[in-house]
>>> print(open('query_13.cif').read())   # mmCIF, C-alpha atoms
data_my_file
loop_
_atom_site.label_atom_id
_atom_site.label_comp_id
_atom_site.auth_asym_id
_atom_site.auth_seq_id
_atom_site.Cartn_x
_atom_site.Cartn_y
_atom_site.Cartn_z
CA MET A 44 129.27 99.67 -47.92
CA ASP A 45 127.97 98.90 -51.37
CA ILE A 46 124.91 96.74 -51.54
CA ILE A 47 124.56 93.90 -53.99
CA LEU A 48 121.78 91.40 -53.61
CA GLY A 49 120.63 88.53 -55.78
CA ILE A 50 117.54 86.36 -55.65
CA LYS A 51 116.93 83.41 -57.94
CA VAL A 52 113.29 82.57 -58.60
CA GLN A 53 111.63 79.98 -60.80
CA ASP A 54 111.59 81.95 -64.04
CA GLY A 55 114.53 84.31 -63.61
CA THR A 56 117.13 85.90 -61.37
CA ILE A 57 116.83 89.32 -59.73
CA ILE A 58 119.80 91.56 -58.99
CA ALA A 59 119.78 94.76 -56.91
CA THR A 60 122.78 97.09 -56.62
CA SER A 61 123.08 100.33 -54.66
CA LYS A 62 123.38 103.59 -56.60
CA ALA A 63 125.84 105.37 -54.30
CA ALA A 64 129.51 105.59 -55.24
CA THR A 65 131.36 106.52 -52.07
CA ARG A 66 134.94 107.41 -51.25
CA GLY A 67 135.87 107.86 -47.62
CA ILE A 68 133.10 109.88 -46.02
CA SER A 69 131.75 111.37 -49.25
CA VAL A 70 129.15 110.19 -51.71
CA LEU A 71 130.63 110.96 -55.12
CA LYS A 72 127.69 109.88 -57.25
CA ASP A 73 124.10 108.80 -56.70
CA SER A 74 123.56 107.02 -60.00
CA ASP A 75 126.39 104.49 -60.10
CA ASP A 76 125.52 101.22 -61.86
CA LYS A 77 127.52 98.33 -60.36
CA THR A 78 126.64 95.85 -63.06
CA ARG A 79 127.94 94.90 -66.50
CA VAL A 80 126.15 92.90 -69.19
CA LEU A 81 128.38 89.96 -70.18
CA ASN A 82 126.13 88.50 -72.87
CA PRO A 83 122.37 88.49 -73.48
CA HIS A 84 121.71 86.08 -70.61
CA ASN A 85 124.50 86.84 -68.13
CA LEU A 86 124.81 89.83 -65.84
CA VAL A 87 127.61 90.48 -63.39
CA ALA A 88 127.19 92.67 -60.29
CA TYR A 89 130.31 93.64 -58.39
CA THR A 90 131.67 95.21 -55.18
CA GLY A 91 135.14 95.71 -53.82
CA GLU A 92 138.13 98.01 -54.24
CA SER A 93 136.87 100.85 -56.39
CA GLY A 94 139.40 100.82 -59.22
CA ASP A 95 139.61 97.04 -59.39
CA THR A 96 135.88 96.44 -59.72
CA VAL A 97 135.20 98.17 -63.03
CA GLN A 98 138.53 97.02 -64.47
CA PHE A 99 137.79 93.40 -63.64
CA ALA A 100 134.12 93.46 -64.69
CA GLU A 101 134.99 94.99 -68.04
CA TYR A 102 137.84 92.52 -68.55
CA VAL A 103 135.43 89.65 -68.00
CA GLN A 104 132.84 91.34 -70.21
CA ALA A 105 135.35 91.70 -73.05
CA ASN A 106 136.42 88.07 -72.78
CA VAL A 107 132.89 86.70 -72.72
CA GLN A 108 132.03 88.79 -75.76
CA LEU A 109 135.21 87.67 -77.52
CA TYR A 110 134.13 84.07 -76.99
CA THR A 111 130.75 84.79 -78.62
CA MET A 112 132.45 86.45 -81.58
CA ARG A 113 134.90 83.59 -82.09
CA GLU A 114 132.35 80.84 -81.72
CA ASN A 115 129.75 81.91 -84.25
CA ASP A 116 127.42 83.76 -81.88
CA ILE A 117 127.24 80.94 -79.38
CA GLU A 118 126.77 82.29 -75.87
CA LEU A 119 128.83 81.09 -72.96
CA SER A 120 126.46 79.34 -70.52
CA PRO A 121 125.99 80.74 -66.99
CA LYS A 122 127.92 77.80 -65.54
CA ALA A 123 130.82 78.32 -67.93
CA THR A 124 130.78 82.08 -67.30
CA ALA A 125 130.90 81.60 -63.54
CA SER A 126 133.71 79.06 -63.86
CA PHE A 127 135.65 81.45 -66.05
CA VAL A 128 135.27 84.31 -63.55
CA ARG A 129 136.22 82.04 -60.66
CA ASN A 130 139.27 80.91 -62.58
CA GLN A 131 140.33 84.51 -63.21
CA LEU A 132 139.97 85.46 -59.53
CA ALA A 133 141.71 82.28 -58.39
CA THR A 134 144.64 83.14 -60.67
CA SER A 135 144.60 86.74 -59.52
CA ILE A 136 144.77 85.95 -55.79
CA ARG A 137 148.01 84.09 -56.46
CA SER A 138 149.60 87.07 -58.22
CA ARG A 139 151.58 90.05 -56.91
CA LYS A 140 148.58 92.38 -56.92
CA PRO A 141 145.28 90.53 -56.72
CA TYR A 142 141.95 91.99 -57.78
CA GLN A 143 139.86 92.77 -54.71
CA VAL A 144 136.51 92.15 -56.31
CA ASN A 145 133.48 90.16 -55.24
CA VAL A 146 130.76 89.36 -57.74
CA LEU A 147 127.30 87.95 -58.18
CA ILE A 148 126.50 86.52 -61.59
CA ALA A 149 122.87 86.29 -62.60
CA GLY A 150 122.32 84.03 -65.55
CA TYR A 151 119.67 82.19 -67.48
CA ASP A 152 120.61 78.97 -69.23
CA THR A 153 118.58 79.00 -72.43
CA LYS A 154 119.44 75.38 -73.19
CA THR A 155 118.03 73.94 -70.00
CA ASP A 156 115.66 76.82 -69.22
CA THR A 157 117.04 77.36 -65.74
CA PRO A 158 117.92 80.58 -63.96
CA THR A 159 121.11 80.64 -61.89
CA LEU A 160 122.75 82.85 -59.30
CA ASN A 161 126.49 82.46 -58.73
CA TRP A 162 128.27 83.96 -55.76
CA ILE A 163 132.00 84.43 -56.19
CA ASP A 164 134.41 86.26 -53.88
CA TYR A 165 137.92 87.61 -54.41
CA LEU A 166 139.47 84.41 -53.04
CA GLY A 167 137.92 82.43 -55.84
CA THR A 168 135.14 80.84 -53.79
CA GLN A 169 132.27 79.96 -56.06
CA VAL A 170 128.82 78.78 -55.01
CA GLU A 171 125.48 78.50 -56.74
CA LEU A 172 122.80 79.90 -54.47
CA PRO A 173 119.06 80.58 -54.36
CA TYR A 174 119.82 84.04 -52.91
CA GLY A 175 122.96 85.82 -51.86
CA ALA A 176 124.68 89.09 -51.09
CA HIS A 177 128.13 90.59 -50.71
CA GLY A 178 129.17 93.02 -48.02
CA TYR A 179 127.15 94.44 -45.14
CA ALA A 180 123.84 94.04 -46.96
CA GLY A 181 124.09 90.33 -46.30
CA PHE A 182 123.94 90.80 -42.53
CA TYR A 183 120.57 92.49 -42.74
CA ALA A 184 119.03 90.69 -45.68
CA THR A 185 119.91 87.01 -45.22
CA SER A 186 117.69 86.43 -42.20
CA LEU A 187 114.73 87.92 -44.06
CA LEU A 188 115.52 85.85 -47.13
CA ASP A 189 115.90 82.70 -45.00
CA LYS A 190 112.45 83.24 -43.58
CA HIS A 191 110.50 84.35 -46.62
CA TYR A 192 112.21 82.68 -49.59
CA ARG A 193 110.19 79.95 -51.30
CA LYS A 194 111.48 77.75 -54.11
CA ASP A 195 108.31 78.16 -56.19
CA MET A 196 108.38 81.96 -56.25
CA LYS A 197 108.03 83.82 -59.55
CA VAL A 198 109.75 87.09 -60.47
CA GLU A 199 106.85 89.14 -59.13
CA GLN A 200 107.02 87.55 -55.66
CA GLY A 201 110.79 87.75 -55.77
CA LEU A 202 110.54 91.49 -56.29
CA GLU A 203 108.18 91.78 -53.30
CA LEU A 204 110.70 89.92 -51.16
CA LEU A 205 113.44 92.21 -52.46
CA GLN A 206 111.41 95.27 -51.42
CA LEU A 207 111.18 93.78 -47.93
CA CYS A 208 114.95 93.46 -47.80
CA LEU A 209 115.48 96.99 -49.11
CA LYS A 210 113.12 98.44 -46.49
CA GLU A 211 115.15 96.72 -43.79
CA LEU A 212 118.40 97.97 -45.30
CA GLU A 213 117.10 101.54 -45.45
CA THR A 214 116.19 101.48 -41.76
CA ARG A 215 119.31 99.70 -40.52
CA MET A 216 122.19 100.80 -42.72
CA PRO A 217 124.15 103.70 -41.15
CA ILE A 218 124.54 105.59 -44.43
CA ASP A 219 122.25 106.49 -47.28
CA PHE A 220 122.96 104.19 -50.21
CA LYS A 221 120.84 106.30 -52.59
CA GLY A 222 118.46 103.52 -53.54
CA VAL A 223 119.08 100.60 -55.88
CA TYR A 224 119.00 99.58 -59.50
CA ILE A 225 117.00 96.40 -60.01
CA LYS A 226 117.62 94.09 -62.93
CA VAL A 227 116.02 90.82 -63.94
CA VAL A 228 117.60 88.10 -66.08
CA ASP A 229 115.11 85.69 -67.62
CA LYS A 230 114.49 83.77 -70.84
CA ASP A 231 114.07 87.00 -72.81
CA GLY A 232 117.38 88.43 -71.61
CA ILE A 233 118.30 91.19 -69.20
CA LYS A 234 115.94 94.00 -68.35
CA ALA A 235 116.26 96.92 -65.95
CA LEU A 236 113.33 97.77 -63.72
CA ASN A 237 112.83 101.34 -62.32
CA MET B 62 163.05 75.55 -111.79
CA SER B 63 160.27 74.51 -109.46
CA ARG B 64 162.97 73.17 -107.11
CA ARG B 65 163.60 76.74 -106.04
CA TYR B 66 160.26 76.85 -104.35
CA ASP B 67 160.31 73.34 -102.93
CA SER B 68 162.63 73.71 -100.03
CA ARG B 69 160.80 76.31 -97.98
CA THR B 70 157.35 75.73 -96.61
CA THR B 71 156.53 79.36 -96.46
CA ILE B 72 157.29 80.51 -99.97
CA PHE B 73 154.72 80.55 -102.73
CA SER B 74 155.69 79.17 -106.12
CA PRO B 75 155.03 81.41 -109.12
CA GLU B 76 151.77 79.51 -109.67
CA GLY B 77 150.73 80.46 -106.16
CA ARG B 78 151.20 77.08 -104.53
CA LEU B 79 152.93 75.89 -101.39
CA TYR B 80 154.77 72.79 -102.48
CA GLN B 81 155.78 71.54 -99.05
CA VAL B 82 152.18 71.53 -97.94
CA GLU B 83 151.14 69.69 -101.06
CA TYR B 84 153.90 67.12 -100.57
CA ALA B 85 152.73 66.55 -97.01
CA GLN B 86 149.23 65.91 -98.30
CA GLU B 87 150.68 63.58 -100.90
CA ALA B 88 152.47 61.59 -98.19
CA ILE B 89 149.19 61.11 -96.38
CA SER B 90 147.42 59.78 -99.44
CA MET B 91 149.80 56.83 -99.27
CA ALA B 92 149.20 56.08 -95.59
CA GLY B 93 146.70 53.49 -94.39
CA THR B 94 143.06 54.32 -95.01
CA ALA B 95 140.90 55.66 -92.22
CA ILE B 96 137.18 56.13 -92.60
CA GLY B 97 134.57 57.75 -90.43
CA ILE B 98 130.81 57.41 -90.59
CA LEU B 99 128.18 59.39 -88.71
CA SER B 100 125.03 57.57 -87.65
CA THR B 101 121.95 58.49 -85.66
CA GLU B 102 123.31 56.71 -82.57
CA GLY B 103 126.97 57.60 -82.79
CA VAL B 104 130.11 57.78 -84.87
CA VAL B 105 132.38 55.00 -86.08
CA LEU B 106 136.06 55.32 -86.99
CA ALA B 107 137.86 52.52 -88.75
CA CYS B 108 141.47 52.34 -89.95
CA GLU B 109 143.68 50.05 -91.90
CA LYS B 110 146.83 48.96 -90.13
CA LYS B 111 149.78 49.03 -92.55
CA VAL B 112 152.58 47.50 -90.54
CA THR B 113 151.72 43.98 -89.56
CA SER B 114 154.58 41.77 -88.58
CA LYS B 115 154.39 38.62 -86.54
CA LEU B 116 157.42 39.79 -84.62
CA LEU B 117 155.94 43.12 -83.62
CA ASP B 118 155.32 43.03 -79.89
CA ASN B 119 151.88 44.55 -79.74
CA ASP B 120 150.64 45.64 -76.34
CA GLY B 121 147.08 45.63 -77.59
CA SER B 122 146.66 49.37 -77.79
CA ALA B 123 145.60 50.93 -81.06
CA GLU B 124 148.30 52.72 -83.00
CA LYS B 125 146.13 55.03 -85.07
CA LEU B 126 143.21 55.70 -82.78
CA TYR B 127 143.48 58.12 -79.90
CA VAL B 128 141.17 59.27 -77.15
CA ILE B 129 141.37 63.07 -76.94
CA SER B 130 138.86 63.80 -74.20
CA ASP B 131 135.74 62.30 -72.62
CA ASN B 132 133.70 63.31 -75.65
CA MET B 133 136.16 62.99 -78.50
CA ILE B 134 138.29 60.42 -80.27
CA CYS B 135 140.36 60.64 -83.42
CA ALA B 136 141.94 58.53 -86.13
CA VAL B 137 145.22 59.40 -87.80
CA ALA B 138 146.56 59.02 -91.32
CA GLY B 139 150.14 59.95 -92.04
CA MET B 140 153.19 60.24 -89.85
CA THR B 141 152.32 58.79 -86.46
CA ALA B 142 155.19 60.60 -84.78
CA ASP B 143 153.86 63.99 -85.93
CA ALA B 144 150.39 62.95 -84.92
CA SER B 145 151.34 62.26 -81.33
CA ILE B 146 152.53 65.86 -80.95
CA LEU B 147 149.20 67.17 -82.15
CA VAL B 148 147.20 64.65 -80.14
CA ASN B 149 149.07 65.74 -77.04
CA ASN B 150 148.33 69.36 -77.91
CA ALA B 151 144.65 68.53 -78.39
CA ARG B 152 144.49 66.74 -75.03
CA VAL B 153 146.09 69.67 -73.23
CA ASN B 154 143.68 72.07 -74.91
CA ALA B 155 140.67 69.95 -73.99
CA GLN B 156 141.72 69.78 -70.34
CA SER B 157 142.53 73.47 -70.12
CA TYR B 158 139.09 74.34 -71.52
CA LEU B 159 137.52 72.00 -68.98
CA LYS B 160 139.53 73.68 -66.23
CA THR B 161 138.46 77.21 -67.13
CA TYR B 162 134.85 76.67 -68.10
CA ASN B 163 133.91 73.51 -66.19
CA GLU B 164 132.36 72.15 -69.38
CA GLU B 165 133.65 69.75 -72.02
CA ILE B 166 135.21 71.56 -74.96
CA PRO B 167 132.85 71.80 -77.95
CA CYS B 168 134.29 69.71 -80.82
CA GLU B 169 134.74 72.49 -83.31
CA ILE B 170 136.61 74.74 -80.88
CA LEU B 171 139.14 72.02 -80.21
CA ILE B 172 139.59 71.18 -83.88
CA LYS B 173 140.01 74.86 -84.68
CA ARG B 174 142.76 75.15 -82.07
CA VAL B 175 144.67 72.13 -83.38
CA CYS B 176 144.28 73.41 -86.94
CA ASP B 177 145.70 76.77 -85.93
CA VAL B 178 148.87 74.95 -84.87
CA LYS B 179 148.99 73.13 -88.18
CA GLN B 180 148.45 76.34 -90.11
CA GLY B 181 151.28 78.00 -88.23
CA TYR B 182 153.72 75.50 -89.71
CA THR B 183 152.75 76.52 -93.25
CA GLN B 184 153.59 80.13 -92.58
CA HIS B 185 156.53 80.41 -90.19
CA GLY B 186 159.98 79.95 -91.63
CA GLY B 187 162.26 76.98 -91.27
CA LEU B 188 159.61 74.54 -90.18
CA ARG B 189 158.14 71.45 -91.74
CA PRO B 190 154.35 71.04 -91.88
CA PHE B 191 152.77 68.26 -89.84
CA GLY B 192 152.45 65.22 -92.10
CA VAL B 193 149.10 64.12 -90.71
CA SER B 194 145.43 64.20 -91.47
CA PHE B 195 142.89 63.53 -88.74
CA LEU B 196 139.42 62.15 -88.53
CA TYR B 197 137.73 63.45 -85.41
CA ALA B 198 134.62 61.88 -83.93
CA GLY B 199 132.97 63.87 -81.21
CA TYR B 200 129.85 64.70 -79.29
CA ASP B 201 128.76 67.97 -77.73
CA ASP B 202 125.40 69.36 -76.68
CA ARG B 203 125.48 72.07 -79.33
CA TYR B 204 125.54 69.89 -82.43
CA GLU B 205 125.47 66.36 -80.93
CA PHE B 206 127.43 63.76 -82.95
CA GLN B 207 130.00 65.18 -85.33
CA LEU B 208 132.64 63.99 -87.75
CA PHE B 209 135.47 66.22 -88.94
CA THR B 210 138.63 65.91 -90.98
CA SER B 211 141.69 68.14 -90.98
CA ASN B 212 144.79 68.14 -93.18
CA PRO B 213 148.36 69.55 -93.06
CA SER B 214 147.30 72.92 -94.47
CA GLY B 215 145.22 73.60 -91.37
CA ASN B 216 141.85 73.37 -93.11
CA TYR B 217 139.08 71.36 -91.51
CA SER B 218 135.61 70.34 -92.58
CA GLY B 219 132.59 68.48 -91.20
CA TRP B 220 131.21 65.34 -92.83
CA LYS B 221 128.49 62.69 -92.63
CA ALA B 222 130.94 60.06 -93.89
CA THR B 223 134.43 60.50 -95.22
CA SER B 224 137.83 58.91 -95.55
CA ILE B 225 141.49 59.89 -95.49
CA GLY B 226 144.67 58.10 -96.53
CA ALA B 227 145.26 55.60 -99.31
CA ASN B 228 142.41 55.01 -101.74
CA ASN B 229 140.38 57.72 -100.09
CA SER B 230 138.64 58.69 -103.30
CA ALA B 231 137.55 55.11 -103.91
CA ALA B 232 136.31 54.87 -100.33
CA GLN B 233 134.49 58.16 -100.68
CA THR B 234 132.70 56.95 -103.82
CA LEU B 235 131.58 53.81 -101.99
CA LEU B 236 130.41 55.83 -99.02
CA LYS B 237 128.51 58.25 -101.24
CA LYS B 238 126.72 55.31 -102.79
CA ASP B 239 125.79 53.49 -99.58
CA TYR B 240 125.43 56.20 -96.94
CA LYS B 241 121.96 56.86 -95.61
CA ASP B 242 120.96 59.54 -93.11
CA GLU B 243 119.03 57.14 -90.88
CA LEU B 244 121.88 54.65 -90.38
CA THR B 245 122.12 52.98 -86.94
CA LEU B 246 125.52 52.61 -85.30
CA LYS B 247 125.61 48.92 -86.11
CA GLU B 248 124.79 49.55 -89.75
CA ALA B 249 127.47 52.23 -89.85
CA CYS B 250 130.04 49.75 -88.49
CA GLU B 251 129.06 47.23 -91.13
CA LEU B 252 129.28 49.85 -93.84
CA ALA B 253 132.76 50.77 -92.60
CA ILE B 254 133.88 47.15 -92.82
CA LYS B 255 132.33 46.80 -96.25
CA VAL B 256 134.10 49.88 -97.59
CA LEU B 257 137.44 48.90 -96.07
CA SER B 258 137.19 45.38 -97.43
CA LYS B 259 136.97 46.87 -100.91
CA THR B 260 139.63 49.54 -100.62
CA MET B 261 142.26 47.48 -98.80
CA ASP B 262 144.47 45.41 -101.02
CA SER B 263 144.70 42.45 -98.64
CA SER B 264 142.62 39.45 -99.58
CA ASN B 265 141.69 38.19 -96.14
CA LEU B 266 140.32 40.78 -93.78
CA ASN B 267 140.98 40.21 -90.08
CA SER B 268 141.57 42.03 -86.84
CA ASP B 269 145.35 42.17 -87.44
CA LYS B 270 144.81 44.65 -90.22
CA LEU B 271 142.01 46.72 -88.75
CA GLU B 272 141.41 49.15 -85.98
CA PHE B 273 137.96 50.13 -84.90
CA ALA B 274 136.45 52.68 -82.54
CA THR B 275 132.96 53.91 -81.81
CA LEU B 276 131.56 56.90 -79.98
CA SER B 277 128.01 56.72 -78.66
CA LEU B 278 125.78 57.85 -75.82
CA SER B 279 125.27 55.81 -72.67
CA LYS B 280 121.87 54.17 -72.45
CA THR B 281 121.79 54.35 -68.67
CA THR B 282 123.29 57.77 -67.82
CA PRO B 283 121.85 60.53 -70.01
CA GLY B 284 124.41 62.81 -71.63
CA LYS B 285 127.36 60.52 -70.89
CA VAL B 286 129.51 59.78 -73.92
CA ILE B 287 130.97 56.33 -74.33
CA HIS B 288 134.00 55.79 -76.51
CA LYS B 289 135.21 52.34 -77.23
CA ILE B 290 138.37 51.26 -79.01
CA TRP B 291 137.57 47.75 -80.10
CA GLY B 292 139.49 44.65 -79.15
CA GLU B 293 140.50 41.98 -81.64
CA SER B 294 137.66 39.60 -80.82
CA ASP B 295 135.04 42.33 -81.32
CA ILE B 296 136.49 43.24 -84.71
CA ASP B 297 136.60 39.62 -85.85
CA ALA B 298 133.01 39.15 -84.72
CA LEU B 299 131.96 42.22 -86.69
CA ILE B 300 133.77 41.04 -89.82
CA LYS B 301 132.01 37.70 -89.54
CA GLU B 302 128.63 39.28 -88.93
CA SER B 303 128.93 41.75 -91.78
CA GLY B 304 129.50 38.86 -94.17
CA VAL B 305 132.14 40.61 -96.27
CA LEU B 306 134.30 37.53 -96.27
CA ASP B 307 131.50 35.38 -97.69
CA GLU B 308 131.00 37.85 -100.52
CA LYS B 309 134.71 37.78 -101.22
CA SER B 310 134.90 34.00 -101.46
CA GLN B 311 131.89 34.00 -103.77
CA ASP B 312 133.64 36.47 -106.00
CA ASP B 313 136.66 34.21 -106.12
CA ASP B 314 134.53 31.26 -107.26
#
>>> encode(input="query_13.cif", output="structure tokens")
Amino acid sequence: MDIILGIKVQDGTIIATSKAATRGISVLKDSDDKTRVLNPHNLVAYTGESGDTVQFAEYVQANVQLYTMRENDIELSPKATASFVRNQLATSIRSRKPYQVNVLIAGYDTKTDTPTLNWIDYLGTQVELPYGAHGYAGFYATSLLDKHYRKDMKVEQGLELLQLCLKELETRMPIDFKGVYIKVVDKDGIKALN
Amino acid sequence: MSRRYDSRTTIFSPEGRLYQVEYAQEAISMAGTAIGILSTEGVVLACEKKVTSKLLDNDGSAEKLYVISDNMICAVAGMTADASILVNNARVNAQSYLKTYNEEIPCEILIKRVCDVKQGYTQHGGLRPFGVSFLYAGYDDRYEFQLFTSNPSGNYSGWKATSIGANNSAAQTLLKKDYKDELTLKEACELAIKVLSKTMDSSNLNSDKLEFATLSLSKTTPGKVIHKIWGESDIDALIKESGVLDEKSQDDD
């Protein structure tokens, strides 16, 4: 029941991930960060099978960083990053033991000055969305996002909308998810709020 | 004594040289000339065709110019059979990059990958180096129009105008003299013809002895790269327009 939410606004993309790491009926940790920084303008947030998630995210992280090293400090664009991740998951699903990982990739394309949010699931489905979520969080948050999301929103208004979603999640979710980490990807890179 | 170090590609001679690699480069300097010129609006590649027989059944396709991907073309000097292996490798690499990243492969990445293959043949035992040099013309959104060369050793370098094959040093001197940074594509084509007309030994220049290709951006769709391998009539028209033949006949008088 991990929560990962993403909202793309005009000048950046916001990502929220729950802090609880659970196993069965126990909460193991209340400060678990379900994101990895791929490069200065790409952040991946993940949910899924607990061992697979970190393994996969760090594999992708290593490969994206390897690309930057090989290509004279040129960053992989958000589109290319998302395609690469999709390709990895699409290959994995056709293997003996597929990764059971779903991700959201928040990116900012410095060349075209556009923020992006990519939604990719373990089957290799990839879509670019204005807002999205994986898991149960989606059931509670999408209707709110459908109603209140505006294309011309800035990061500040995006964060207000996110708070609205989180309030709903706190009242409706059957277990305590220990709050969320909020991160914003914009032209200056990735920064963590709270 | 030097014979002892000739037969294997991978063994250094006492002077620290790899003879087989040097011989491969030597073979290329006898192949037909190919020149490339970068302009503000695109890149031009031009080559000299060496084998011209009336009996040769030509299907119209160029023999030394290849399309590698949507944003890259190349010209070859040296052994065409070796070249086709590397061109195929380059095409596969370009498509596999496109498949993984959903973006066209940046020129330098592709060239680096092909050069890694070439380098491998100067180091692994029992193999012969590829007897080809390439001229690559490409476009990507990182560095826009680009011109590169690569040789059998696996080295590559970027140029504003350069040449490979026979008489390449003469061609290079001519290019150095006449190249300007603000050249248009048309001017670059004319310069290419002019240089070739002086380096080729044939007296009458015509489309039978030349191959021409240009890479430019579409005027209607932004960001779309157009590559064109020229037909005979286009080449003849360019030769006429550039006036190199007139100059020649004046020289003869």
>>> resolve_selection(input="query_13.cif", expression="the PyMOL selection byres ((chain B) within 6 of (chain A))", output="number ranges by chain")
B: 161-163
>>> resolve_selection(input="query_13.cif", expression="the PyMOL selection byres ((chain B and resi 212) around 10)", output="PyMOL selection string")
chain B and resi 82+85-86+89+138-139+176+179-180+191-196+210-211+213-218+225
>>> residues_around(input="query_13.cif", residues="Leu132 in chain A", least_positions_apart="4", cutoff="10 Å", atoms="all atoms listed in the file", output="list of chain:residue names")
A:Phe99, A:Ser126, A:Phe127, A:Val128, A:Ile136, A:Arg137, A:Ser138, A:Pro141, A:Tyr142, A:Gln143, A:Val144, A:Asn145, A:Ile163, A:Asp164, A:Tyr165, A:Leu166, A:Gly167, A:Thr168
>>> resolve_selection(input="query_13.cif", expression="the PyMOL selection byres ((chain B and resi 260) around 7)", output="PyMOL selection string")
chain B and resi 228+231-232+256-259+261-262
>>> closest_residue(input="query_13.cif", among="A:Gln53, A:Gln98, A:Ile46, A:Leu212", to="Arg193 in chain A", atoms="all atoms listed in the file")
A:Gln53
>>> axis_aligned_box(input="query_13.cif", around="range 121-125 of chain A", padding_each_side="6 Å", output="JSON")
{"center_x": 128.4, "center_y": 79.9, "center_z": -65.7, "size_x": 16.9, "size_y": 16.3, "size_z": 16.4}
>>> closest_residue(input="query_13.cif", among="A:Leu81, A:Thr111, A:Met44, A:Val52", to="Arg66 in chain A", atoms="only C-alpha atoms")
A:Met44
>>> residues_near_point(input="query_13.cif", point="(121.8, 77.9, -63.0)", cutoff="9 Å", atoms="all atoms listed in the file", output="PyMOL selection string")
chain A and resi 51+120-122+149-152+155-161+171-172
>>> residues_around(input="query_13.cif", residues="Lys77 in chain A", least_positions_apart="6", cutoff="7 Å", atoms="only C-alpha atoms", output="ChimeraX atom specification")
/A:60,88-89
>>> residues_around(input="query_13.cif", residues="Glu211 in chain A", least_positions_apart="3", cutoff="8 Å", atoms="all atoms listed in the file", output="PDB file with C-alpha atoms, in the frame of the given file")
ATOM      1  CA  TYR A 183     120.570  92.490 -42.740  1.00  0.00           C
ATOM      2  CA  ALA A 184     119.030  90.690 -45.680  1.00  0.00           C
ATOM      3  CA  LEU A 207     111.180  93.780 -47.930  1.00  0.00           C
ATOM      4  CA  CYS A 208     114.950  93.460 -47.800  1.00  0.00           C
ATOM      5  CA  THR A 214     116.190 101.480 -41.760  1.00  0.00           C
ATOM      6  CA  ARG A 215     119.310  99.700 -40.520  1.00  0.00           C
TER       7      ARG A 215
END
>>> decode(input="query_13.cif", residues="range 96-120 of chain B", atoms="C-alpha atoms", output="CSV table (one decimal), in the first residue's frame")
chain,number,residue,atom,x,y,z
B,96,ILE,CA,35.6,15.1,-49.6
B,97,GLY,CA,33.3,16.5,-47.1
B,98,ILE,CA,32.4,20.1,-46.4
B,99,LEU,CA,30.4,21.6,-43.6
B,100,SER,CA,28.2,24.7,-44.3
B,101,THR,CA,25.8,26.7,-42.3
B,102,GLU,CA,22.8,25.0,-44.0
B,103,GLY,CA,24.1,21.4,-44.2
B,104,VAL,CA,26.9,19.1,-45.1
B,105,VAL,CA,28.0,17.9,-48.5
B,106,LEU,CA,29.9,14.7,-49.3
B,107,ALA,CA,31.4,14.1,-52.7
B,108,CYS,CA,33.4,11.1,-54.0
B,109,GLU,CA,35.3,10.2,-57.0
B,110,LYS,CA,34.2,6.9,-58.7
B,111,LYS,CA,37.3,4.9,-59.7
B,112,VAL,CA,35.7,2.0,-61.6
B,113,THR,CA,33.9,3.3,-64.7
B,114,SER,CA,33.2,0.9,-67.4
B,115,LYS,CA,30.6,1.2,-70.1
B,116,LEU,CA,29.8,-2.5,-69.5
B,117,LEU,CA,29.1,-2.1,-65.8
B,118,ASP,CA,25.4,-2.6,-65.2
B,119,ASN,CA,24.7,0.2,-62.9
B,120,ASP,CA,21.4,0.2,-61.0
